[in-house]
$ cat my_file.tsv   # TSV, C-alpha atoms
chain	number	residue	atom	x	y	z
A	15	MET	CA	119.08	144.95	81.30
A	16	ASN	CA	118.40	146.95	78.16
A	17	PRO	CA	115.59	145.91	75.80
A	18	ALA	CA	116.39	143.49	73.01
A	19	LEU	CA	114.71	141.99	69.98
A	20	LEU	CA	115.27	138.49	68.63
A	21	ILE	CA	114.52	138.02	64.93
A	22	ARG	CA	114.13	134.93	62.78
A	23	LEU	CA	114.16	134.85	58.98
A	24	ARG	CA	112.92	131.76	57.14
A	25	PRO	CA	114.33	131.86	53.59
A	26	ILE	CA	112.14	130.82	50.68
A	27	THR	CA	114.97	131.09	48.11
A	28	PRO	CA	118.70	130.39	48.23
A	29	TRP	CA	120.85	133.11	49.77
A	30	ARG	CA	124.16	134.36	48.46
A	31	ILE	CA	126.28	135.30	51.49
A	32	GLY	CA	129.67	136.30	50.18
A	33	PRO	CA	132.77	134.80	51.81
A	34	GLY	CA	135.70	136.85	53.02
A	35	SER	CA	137.67	135.85	49.92
A	36	GLY	CA	135.03	137.35	47.61
A	37	SER	CA	135.16	134.21	45.47
A	38	ARG	CA	132.00	133.31	43.56
A	39	SER	CA	132.77	129.62	44.06
A	40	GLN	CA	132.45	129.94	47.84
A	41	ALA	CA	129.70	131.16	50.17
A	42	GLY	CA	129.30	131.85	53.86
A	43	ALA	CA	126.63	130.70	56.29
A	44	ILE	CA	126.89	133.71	58.65
A	45	LEU	CA	125.58	137.12	57.60
A	46	HIS	CA	128.12	139.34	59.33
A	47	SER	CA	126.90	142.26	61.39
A	48	ASP	CA	128.49	144.89	59.12
A	49	THR	CA	126.62	143.49	56.09
A	50	TRP	CA	123.41	143.29	58.12
A	51	TYR	CA	123.84	146.94	59.15
A	52	SER	CA	124.30	147.96	55.51
A	53	ALA	CA	121.16	146.05	54.45
A	54	ILE	CA	119.09	147.70	57.18
A	55	SER	CA	120.49	151.12	56.21
A	56	GLN	CA	119.33	150.53	52.63
A	57	ALA	CA	115.89	149.63	53.94
A	58	MET	CA	115.79	152.77	56.09
A	59	ALA	CA	116.49	154.82	52.97
A	60	GLN	CA	113.32	153.39	51.41
A	61	PHE	CA	111.33	154.80	54.35
A	62	GLN	CA	113.06	158.20	54.23
A	63	LEU	CA	114.70	157.43	57.59
A	64	LEU	CA	118.33	157.04	56.54
A	65	GLU	CA	119.63	160.31	58.01
A	66	GLU	CA	117.81	159.74	61.28
A	67	TRP	CA	119.10	156.14	61.39
A	68	LEU	CA	122.68	157.22	60.80
A	69	ASN	CA	122.40	159.96	63.41
A	70	ALA	CA	121.24	157.36	65.92
A	71	THR	CA	123.79	154.64	65.06
A	72	ALA	CA	126.80	156.20	63.33
A	73	ARG	CA	127.78	159.16	65.49
A	74	PRO	CA	131.49	158.95	66.44
A	75	HIS	CA	132.19	158.23	70.11
A	76	ALA	CA	128.49	158.12	71.01
A	77	GLU	CA	126.52	155.16	72.30
A	78	PRO	CA	124.52	153.75	69.35
A	79	ALA	CA	120.78	153.52	69.81
A	80	VAL	CA	120.85	149.99	68.33
A	81	ARG	CA	123.46	147.23	68.26
A	82	LEU	CA	123.23	144.28	65.89
A	83	SER	CA	124.53	140.77	66.16
A	84	SER	CA	125.45	138.82	63.07
A	85	LEU	CA	122.82	136.43	61.71
A	86	PHE	CA	123.38	132.73	62.40
A	87	PRO	CA	121.57	129.55	61.29
A	88	PHE	CA	118.79	127.95	63.29
A	89	GLN	CA	117.12	124.58	62.93
A	90	ARG	CA	113.66	124.10	64.41
A	91	GLY	CA	114.09	125.37	67.97
A	92	MET	CA	117.89	125.11	68.02
A	93	SER	CA	119.99	128.27	67.58
A	94	TYR	CA	123.54	127.89	66.26
A	95	VAL	CA	126.45	130.23	67.01
A	96	PRO	CA	130.24	130.21	66.60
A	97	PRO	CA	131.36	128.70	69.92
A	98	PRO	CA	133.51	130.73	72.31
A	99	ALA	CA	137.16	130.51	71.29
A	100	GLY	CA	139.24	128.76	73.91
A	101	VAL	CA	136.20	126.87	75.23
A	102	TRP	CA	135.61	124.85	72.07
A	103	PRO	CA	136.42	122.11	71.14
A	104	PRO	CA	135.94	119.71	74.06
A	105	PRO	CA	138.60	117.07	74.75
A	106	PRO	CA	139.12	114.66	71.83
A	107	SER	CA	136.61	111.87	71.46
A	108	PRO	CA	136.87	108.60	69.47
A	109	ARG	CA	133.25	108.99	68.41
A	110	VAL	CA	132.74	112.71	67.61
A	111	ARG	CA	135.22	114.94	65.82
A	112	TRP	CA	134.34	118.02	67.88
A	113	LYS	CA	136.79	120.32	66.13
A	114	GLY	CA	134.94	119.78	62.85
A	115	ALA	CA	131.95	121.74	64.18
A	116	ARG	CA	132.12	125.44	63.30
A	117	LEU	CA	128.59	126.18	64.55
A	118	VAL	CA	127.28	124.82	67.84
A	119	PRO	CA	123.84	124.98	69.53
A	120	LEU	CA	123.53	127.46	72.40
A	121	GLY	CA	122.42	124.68	74.71
A	122	ALA	CA	125.63	122.71	74.16
A	123	ILE	CA	127.70	125.82	74.84
A	124	GLY	CA	125.83	126.39	78.09
A	125	THR	CA	126.72	122.84	79.13
A	126	LEU	CA	130.42	123.51	78.59
A	127	LEU	CA	130.34	126.88	80.35
A	128	ARG	CA	128.85	125.18	83.41
A	129	GLY	CA	131.91	122.93	83.49
A	130	GLU	CA	129.99	119.85	82.34
A	131	THR	CA	130.90	117.50	79.50
A	132	LEU	CA	128.98	116.75	76.33
A	133	ASP	CA	127.67	113.21	75.96
A	134	GLU	CA	129.34	111.95	72.80
A	135	GLU	CA	126.50	109.48	72.28
A	136	ARG	CA	124.06	112.35	71.81
A	137	TRP	CA	125.94	114.42	69.24
A	138	MET	CA	127.31	114.24	65.71
A	139	VAL	CA	128.90	116.70	63.27
A	140	ASP	CA	127.23	117.39	59.94
A	141	GLY	CA	130.07	117.49	57.44
A	142	HIS	CA	128.13	119.56	54.89
A	143	SER	CA	127.18	122.49	57.12
A	144	GLY	CA	129.78	122.14	59.88
A	145	CYS	CA	127.01	122.16	62.51
A	146	LEU	CA	126.89	120.06	65.66
A	147	LEU	CA	123.64	118.06	65.52
A	148	PRO	CA	121.79	115.86	67.97
A	149	SER	CA	122.39	112.29	66.89
A	150	ALA	CA	118.67	111.50	67.22
A	151	GLY	CA	115.67	113.24	65.70
A	152	TYR	CA	117.37	115.23	62.93
A	153	GLY	CA	118.30	112.44	60.52
A	154	GLY	CA	121.87	113.68	60.29
A	155	VAL	CA	120.74	116.65	58.18
A	156	GLY	CA	121.95	120.13	59.11
A	157	PRO	CA	120.11	123.44	58.68
A	158	PHE	CA	121.57	124.23	55.25
A	159	ARG	CA	123.53	122.97	52.28
A	160	TYR	CA	125.72	124.79	49.80
A	161	LEU	CA	124.59	124.81	46.19
A	162	ARG	CA	126.11	126.03	42.95
A	163	ARG	CA	124.12	127.77	40.23
A	164	ARG	CA	125.20	128.69	36.70
A	165	PHE	CA	124.32	132.07	35.22
A	166	ALA	CA	124.96	133.88	31.98
A	167	ALA	CA	124.40	137.43	30.81
A	168	VAL	CA	122.50	137.69	27.51
A	169	ASP	CA	123.68	140.15	24.89
A	170	ARG	CA	120.38	141.43	23.49
A	171	VAL	CA	122.08	143.18	20.57
A	172	SER	CA	123.85	140.20	19.05
A	173	GLU	CA	121.49	137.70	20.73
A	174	GLY	CA	124.48	135.85	22.06
A	175	VAL	CA	125.42	134.69	25.56
A	176	ALA	CA	128.26	136.54	27.17
A	177	ASP	CA	130.24	136.06	30.36
A	178	PRO	CA	128.82	132.80	31.75
A	179	TYR	CA	129.70	132.19	35.39
A	180	GLU	CA	128.89	130.05	38.40
A	181	ALA	CA	128.09	131.21	41.92
A	182	THR	CA	127.66	129.35	45.20
A	183	GLY	CA	124.76	130.00	47.55
A	184	VAL	CA	123.17	128.56	50.67
A	185	GLN	CA	119.93	126.56	50.56
A	186	PHE	CA	118.15	126.28	53.92
A	187	ALA	CA	116.19	123.19	54.87
A	188	PRO	CA	112.47	123.42	55.72
A	189	GLY	CA	111.96	124.80	59.22
A	190	CYS	CA	115.41	126.40	59.19
A	191	GLY	CA	116.74	129.89	58.64
A	192	LEU	CA	118.74	132.70	60.20
A	193	TRP	CA	118.38	134.29	63.61
A	194	GLY	CA	119.95	137.33	65.24
A	195	LEU	CA	119.69	139.88	68.02
A	196	MET	CA	119.23	143.62	68.28
A	197	THR	CA	119.87	145.42	71.57
A	198	PHE	CA	118.75	148.95	72.34
A	199	ALA	CA	120.53	151.63	74.37
A	200	ASN	CA	117.48	152.26	76.58
A	201	PRO	CA	113.67	151.88	76.60
A	202	THR	CA	113.27	155.13	74.67
A	203	ALA	CA	115.50	153.86	71.86
A	204	TYR	CA	113.45	150.67	71.79
A	205	ALA	CA	110.17	152.58	71.57
A	206	VAL	CA	111.48	154.70	68.68
A	207	TRP	CA	113.41	152.14	66.65
A	208	ALA	CA	111.83	148.71	67.24
A	209	PRO	CA	108.72	149.45	65.10
A	210	ARG	CA	110.85	151.01	62.38
A	211	LEU	CA	113.24	148.08	62.33
A	212	GLU	CA	110.36	145.63	62.10
A	213	ALA	CA	109.08	147.51	59.05
A	214	ALA	CA	112.57	147.60	57.53
A	215	LEU	CA	112.98	143.86	57.99
A	216	ARG	CA	109.64	143.15	56.36
A	217	TRP	CA	110.80	145.17	53.37
A	218	LEU	CA	114.10	143.25	53.28
A	219	ALA	CA	112.22	139.93	53.41
A	220	ASP	CA	110.49	140.90	50.15
A	221	SER	CA	113.38	142.65	48.38
A	222	GLY	CA	116.16	140.27	49.48
A	223	VAL	CA	119.40	140.33	51.42
A	224	GLY	CA	122.90	139.50	50.22
A	225	GLY	CA	124.15	138.88	46.71
A	226	LEU	CA	122.30	137.86	43.52
A	227	ARG	CA	119.10	139.60	44.61
A	228	SER	CA	118.36	140.40	40.97
A	229	ARG	CA	118.39	136.64	40.37
A	230	GLY	CA	115.79	136.08	43.10
A	231	PHE	CA	118.19	135.15	45.91
A	232	GLY	CA	117.91	136.35	49.51
A	233	ARG	CA	114.11	136.31	49.95
A	234	SER	CA	112.38	135.05	53.07
A	235	ARG	CA	108.98	134.75	54.68
A	236	GLN	CA	107.82	137.60	56.86
A	237	PRO	CA	110.24	137.86	59.79
A	238	GLU	CA	109.38	136.73	63.29
A	239	PHE	CA	110.07	139.01	66.26
A	240	GLN	CA	110.38	138.29	69.95
A	241	ALA	CA	110.92	141.11	72.45
A	242	GLY	CA	112.58	140.89	75.85
A	243	THR	CA	116.06	141.10	77.34
A	244	LEU	CA	119.09	139.04	76.34
A	245	GLU	CA	118.59	136.78	79.38
A	246	GLN	CA	114.98	136.14	78.38
A	247	LEU	CA	115.61	135.65	74.68
A	248	LEU	CA	118.62	133.33	74.76
A	249	GLU	CA	118.78	129.80	76.05
A	250	PRO	CA	120.01	129.92	79.65
A	251	LEU	CA	123.75	130.50	79.91
A	252	PRO	CA	125.53	130.40	83.27
A	253	ALA	CA	126.23	133.80	84.77
A	254	PRO	CA	129.93	134.59	85.35
A	255	ARG	CA	130.96	133.58	88.85
A	256	SER	CA	134.63	134.34	89.16
A	257	GLY	CA	137.82	134.80	87.19
A	258	ARG	CA	138.74	137.51	84.73
A	259	PRO	CA	135.94	139.39	82.99
A	260	ALA	CA	135.50	138.04	79.47
A	261	TRP	CA	133.14	138.79	76.61
A	262	TRP	CA	131.97	136.39	73.91
A	263	LEU	CA	131.36	138.21	70.63
A	264	LEU	CA	128.17	137.60	68.63
A	265	SER	CA	129.10	140.32	66.14
A	266	LEU	CA	132.15	141.67	64.39
A	267	PHE	CA	134.15	144.14	66.47
A	268	SER	CA	136.23	147.17	65.52
A	269	PRO	CA	137.91	148.47	68.70
A	270	ASP	CA	137.18	152.00	69.84
A	271	GLU	CA	139.91	154.11	71.42
A	272	ASP	CA	138.10	153.86	74.78
A	273	ASP	CA	137.92	150.04	74.76
A	274	GLN	CA	140.22	148.56	77.39
A	275	VAL	CA	140.76	145.11	75.90
A	276	ASP	CA	143.67	143.06	77.19
A	277	TRP	CA	144.98	141.85	73.84
A	278	SER	CA	147.56	139.63	75.55
A	279	ALA	CA	144.74	137.51	77.00
A	280	GLY	CA	141.53	136.01	75.73
A	281	SER	CA	141.21	134.07	72.50
A	282	TYR	CA	140.34	135.88	69.29
A	283	SER	CA	140.81	135.89	65.55
A	284	LEU	CA	140.60	138.56	62.86
A	285	VAL	CA	138.72	138.63	59.59
A	286	THR	CA	139.31	140.93	56.62
A	287	ARG	CA	136.18	142.72	55.42
A	288	THR	CA	135.80	144.38	52.03
A	289	GLY	CA	132.65	144.49	49.89
A	290	ARG	CA	131.23	146.99	47.41
A	291	ALA	CA	129.45	150.28	47.82
A	292	LEU	CA	126.20	150.97	45.97
A	293	ASN	CA	128.16	152.53	43.09
A	294	GLY	CA	129.96	149.21	42.57
A	295	GLU	CA	133.35	150.40	43.83
A	296	MET	CA	135.25	148.36	46.40
A	297	LYS	CA	135.00	149.63	49.96
A	298	THR	CA	138.16	150.33	51.93
A	299	GLY	CA	139.19	147.04	53.52
A	300	ALA	CA	139.51	146.55	57.27
A	301	ARG	CA	140.37	143.81	59.73
A	302	LEU	CA	137.78	143.18	62.44
A	303	VAL	CA	137.63	140.80	65.38
A	304	GLU	CA	135.53	137.80	64.39
A	305	GLU	CA	132.36	136.37	65.92
A	306	GLY	CA	133.07	133.70	68.52
A	307	SER	CA	136.16	135.51	69.82
A	308	VAL	CA	136.53	135.91	73.57
A	309	LEU	CA	137.94	139.24	74.75
A	310	VAL	CA	139.20	140.00	78.26
A	311	ALA	CA	138.14	143.48	79.33
A	312	PRO	CA	136.87	145.14	82.53
A	313	ALA	CA	133.65	146.21	80.77
A	314	ALA	CA	131.69	145.16	77.73
A	315	PRO	CA	133.57	146.11	74.53
A	316	ARG	CA	131.97	149.09	72.83
A	317	GLY	CA	133.39	149.07	69.31
A	318	ALA	CA	133.19	151.74	66.66
A	319	ILE	CA	131.77	152.50	63.24
A	320	ARG	CA	134.22	153.35	60.45
A	321	ASP	CA	134.01	155.18	57.16
A	322	ALA	CA	134.78	152.62	54.43
A	323	ARG	CA	134.02	154.82	51.43
A	324	PRO	CA	135.89	154.04	48.21
A	325	PRO	CA	138.39	156.69	47.06
A	326	GLY	CA	136.68	159.60	45.35
A	327	LEU	CA	133.20	158.97	46.76
A	328	ALA	CA	131.67	162.13	48.22
A	329	HIS	CA	129.49	160.64	50.97
A	330	PRO	CA	130.55	158.27	53.77
A	331	VAL	CA	129.98	154.52	53.58
A	332	TYR	CA	129.76	153.14	57.09
A	333	ARG	CA	131.05	149.76	58.27
A	334	SER	CA	129.60	148.84	61.64
A	335	GLY	CA	132.04	147.46	64.19
A	336	TYR	CA	129.91	147.87	67.32
A	337	ALA	CA	130.19	144.88	69.61
A	338	LEU	CA	127.31	142.76	70.79
A	339	ALA	CA	128.89	140.50	73.39
A	340	LEU	CA	127.82	138.20	76.21
A	341	PRO	CA	129.74	137.88	79.50
A	342	ILE	CA	131.21	134.46	80.23
A	343	ASP	CA	133.24	133.07	83.12
A	344	TRP	CA	136.61	132.97	81.38
A	345	GLY	CA	138.56	131.98	84.49
A	346	THR	CA	136.50	128.84	84.91
A	347	ALA	CA	135.92	128.10	81.21
A	348	ALA	CA	139.57	128.46	80.28

$ encode --input "my_file.tsv" --output "structure tokens"
Amino acid sequence: MNPALLIRLRPITPWRIGPGSGSRSQAGAILHSDTWYSAISQAMAQFQLLEEWLNATARPHAEPAVRLSSLFPFQRGMSYVPPPAGVWPPPPSPRVRWKGARLVPLGAIGTLLRGETLDEERWMVDGHSGCLLPSAGYGGVGPFRYLRRRFAAVDRVSEGVADPYEATGVQFAPGCGLWGLMTFANPTAYAVWAPRLEAALRWLADSGVGGLRSRGFGRSRQPEFQAGTLEQLLEPLPAPRSGRPAWWLLSLFSPDEDDQVDWSAGSYSLVTRTGRALNGEMKTGARLVEEGSVLVAPAAPRGAIRDARPPGLAHPVYRSGYALALPIDWGTAA
């Protein structure tokens, strides 16, 4: 297996993770892989490494040196992810409303993929965060809550307040934060880029990630890193045994022309991605396959990176759609 790096960020301020709607009154709890790629690219520019980074990760039809998952919440030692579509939810229960959980611990997913059932006495759904929690030991409190803050721009000429507005953010509980994965094309790519990425993430921890950074949002403690392979870094998941090959997405995915996905099978959903370039203009919108989707394909989906530059902008603005996916036994799970 190729080298991988697991990262954990422990926020010390609220984070503003914009929703797909772009509404200020809403916020997301998942930092999508395309946004994460953009943040890292901005950090690479601070170290005079942007061109080298883009050459290694944004060349058309070439294997990227680094693939990124999206960032998901964690709570103490429990890592949450969007569960595999078609596997979740379990059969209805009179005690637990399984379908209300949008984020599920890796350990619970492993139980389902092994063909076992979840003990409804041991689990509950946190209505605020949409996370599946152990019913004992966590006090019914999930890894985060949504909060709303009020802001106002000050007109320093007339000394008046102009354009007051509210924005929603995410406040993480103590001991909680965001985790994600980076995989490398080969050991050489790891040797070159792992130290640089660690430096970039330390810079991002200080400068902030996401929206409202000028208001102090998006900061975190110094990131934690753990090196290994995907099998070593993730809680044990059963290896595929039989059935059709299937791939569980932990990132957004923009299909490449060489991807051989059977779109008539699997279970997947699409999300519309927009956002703004550094000049404030809206990026060209695109629809990508969402995290948690399960794709049926003979090999791991590759994905592609797209130019999302606003009209009239001279340089490209890249939106990462490279897939980071785990194999699951779709024949048995489905």

$ closest_residue --input "my_file.tsv" --among "A:Pro269, A:Pro97, A:Pro252, A:Gly91" --to "Glu130 of chain A" --atoms "all atoms listed in the file"
A:Pro252

$ atom_distance --input "my_file.tsv" --atom1 "atom CA of Glu305 of chain A" --atom2 "atom CA of Ile21 of chain A"
17.9 Å

$ closest_residue --input "my_file.tsv" --among "A:Leu226, A:Leu218, A:Leu117, A:Leu85" --to "His46 of chain A" --atoms "all atoms listed in the file"
A:Leu85

$ atom_distance --input "my_file.tsv" --atom1 "atom CA of Ile31 of chain A" --atom2 "atom CA of Glu249 of chain A"
26.3 Å

$ residues_near_point --input "my_file.tsv" --point "(119.8, 131.3, 65.6)" --cutoff "9 Å" --atoms "only C-alpha atoms" --output "short mmCIF file (atom, residue, chain, number, x, y, z; two decimals) with C-alpha atoms, keeping the file's coordinate frame"
data_model
loop_
_atom_site.label_atom_id
_atom_site.label_comp_id
_atom_site.auth_asym_id
_atom_site.auth_seq_id
_atom_site.Cartn_x
_atom_site.Cartn_y
_atom_site.Cartn_z
CA ILE A 21 114.52 138.02 64.93
CA ARG A 22 114.13 134.93 62.78
CA LEU A 85 122.82 136.43 61.71
CA PHE A 86 123.38 132.73 62.40
CA PRO A 87 121.57 129.55 61.29
CA PHE A 88 118.79 127.95 63.29
CA GLN A 89 117.12 124.58 62.93
CA GLY A 91 114.09 125.37 67.97
CA MET A 92 117.89 125.11 68.02
CA SER A 93 119.99 128.27 67.58
CA TYR A 94 123.54 127.89 66.26
CA VAL A 95 126.45 130.23 67.01
CA PRO A 119 123.84 124.98 69.53
CA LEU A 120 123.53 127.46 72.40
CA GLY A 191 116.74 129.89 58.64
CA LEU A 192 118.74 132.70 60.20
CA TRP A 193 118.38 134.29 63.61
CA GLY A 194 119.95 137.33 65.24
CA LEU A 195 119.69 139.88 68.02
#

$ closest_residue --input "my_file.tsv" --among "A:Pro98, A:Pro341, A:Gly153, A:Pro312" --to "Leu126 of chain A" --atoms "all atoms listed in the file"
A:Pro98

$ atom_distance --input "my_file.tsv" --atom1 "atom CA of Arg229 of chain A" --atom2 "atom CA of Gly183 of chain A"
11.7 Å

$ closest_residue --input "my_file.tsv" --among "A:Leu211, A:Val139, A:Leu82, A:Leu248" --to "Gly317 of chain A" --atoms "only C-alpha atoms"
A:Leu82

$ closest_residue --input "my_file.tsv" --among "A:Gly289, A:Gly129, A:Gly306, A:Pro96" --to "Pro324 of chain A" --atoms "only C-alpha atoms"
A:Gly289

$ closest_residue --input "my_file.tsv" --among "A:Gly144, A:Pro201, A:Pro33, A:Pro74" --to "Arg111 of chain A" --atoms "only C-alpha atoms"
A:Gly144

$ axis_aligned_box --input "my_file.tsv" --around "segment 116-135 of chain A" --padding-each-side "3 Å" --output "AutoDock Vina command-line options"
--center_x 127.3 --center_y 118.5 --center_z 73.4 --size_x 15.7 --size_y 24.0 --size_z 26.2

$ residues_around --input "my_file.tsv" --residues "segment 159-162 of chain A" --least-positions-apart "6" --cutoff "8 Å" --atoms "only C-alpha atoms" --output "count of residues only"
12

$ residues_around --input "my_file.tsv" --residues "Ala199 of chain A" --least-positions-apart "6" --cutoff "8 Å" --atoms "only C-alpha atoms" --output "ChimeraX atom specification"
/A:16-17,77-80

$ residues_around --input "my_file.tsv" --residues "Lys113 of chain A" --least-positions-apart "3" --cutoff "9 Å" --atoms "only C-alpha atoms" --output "count of residues only"
6
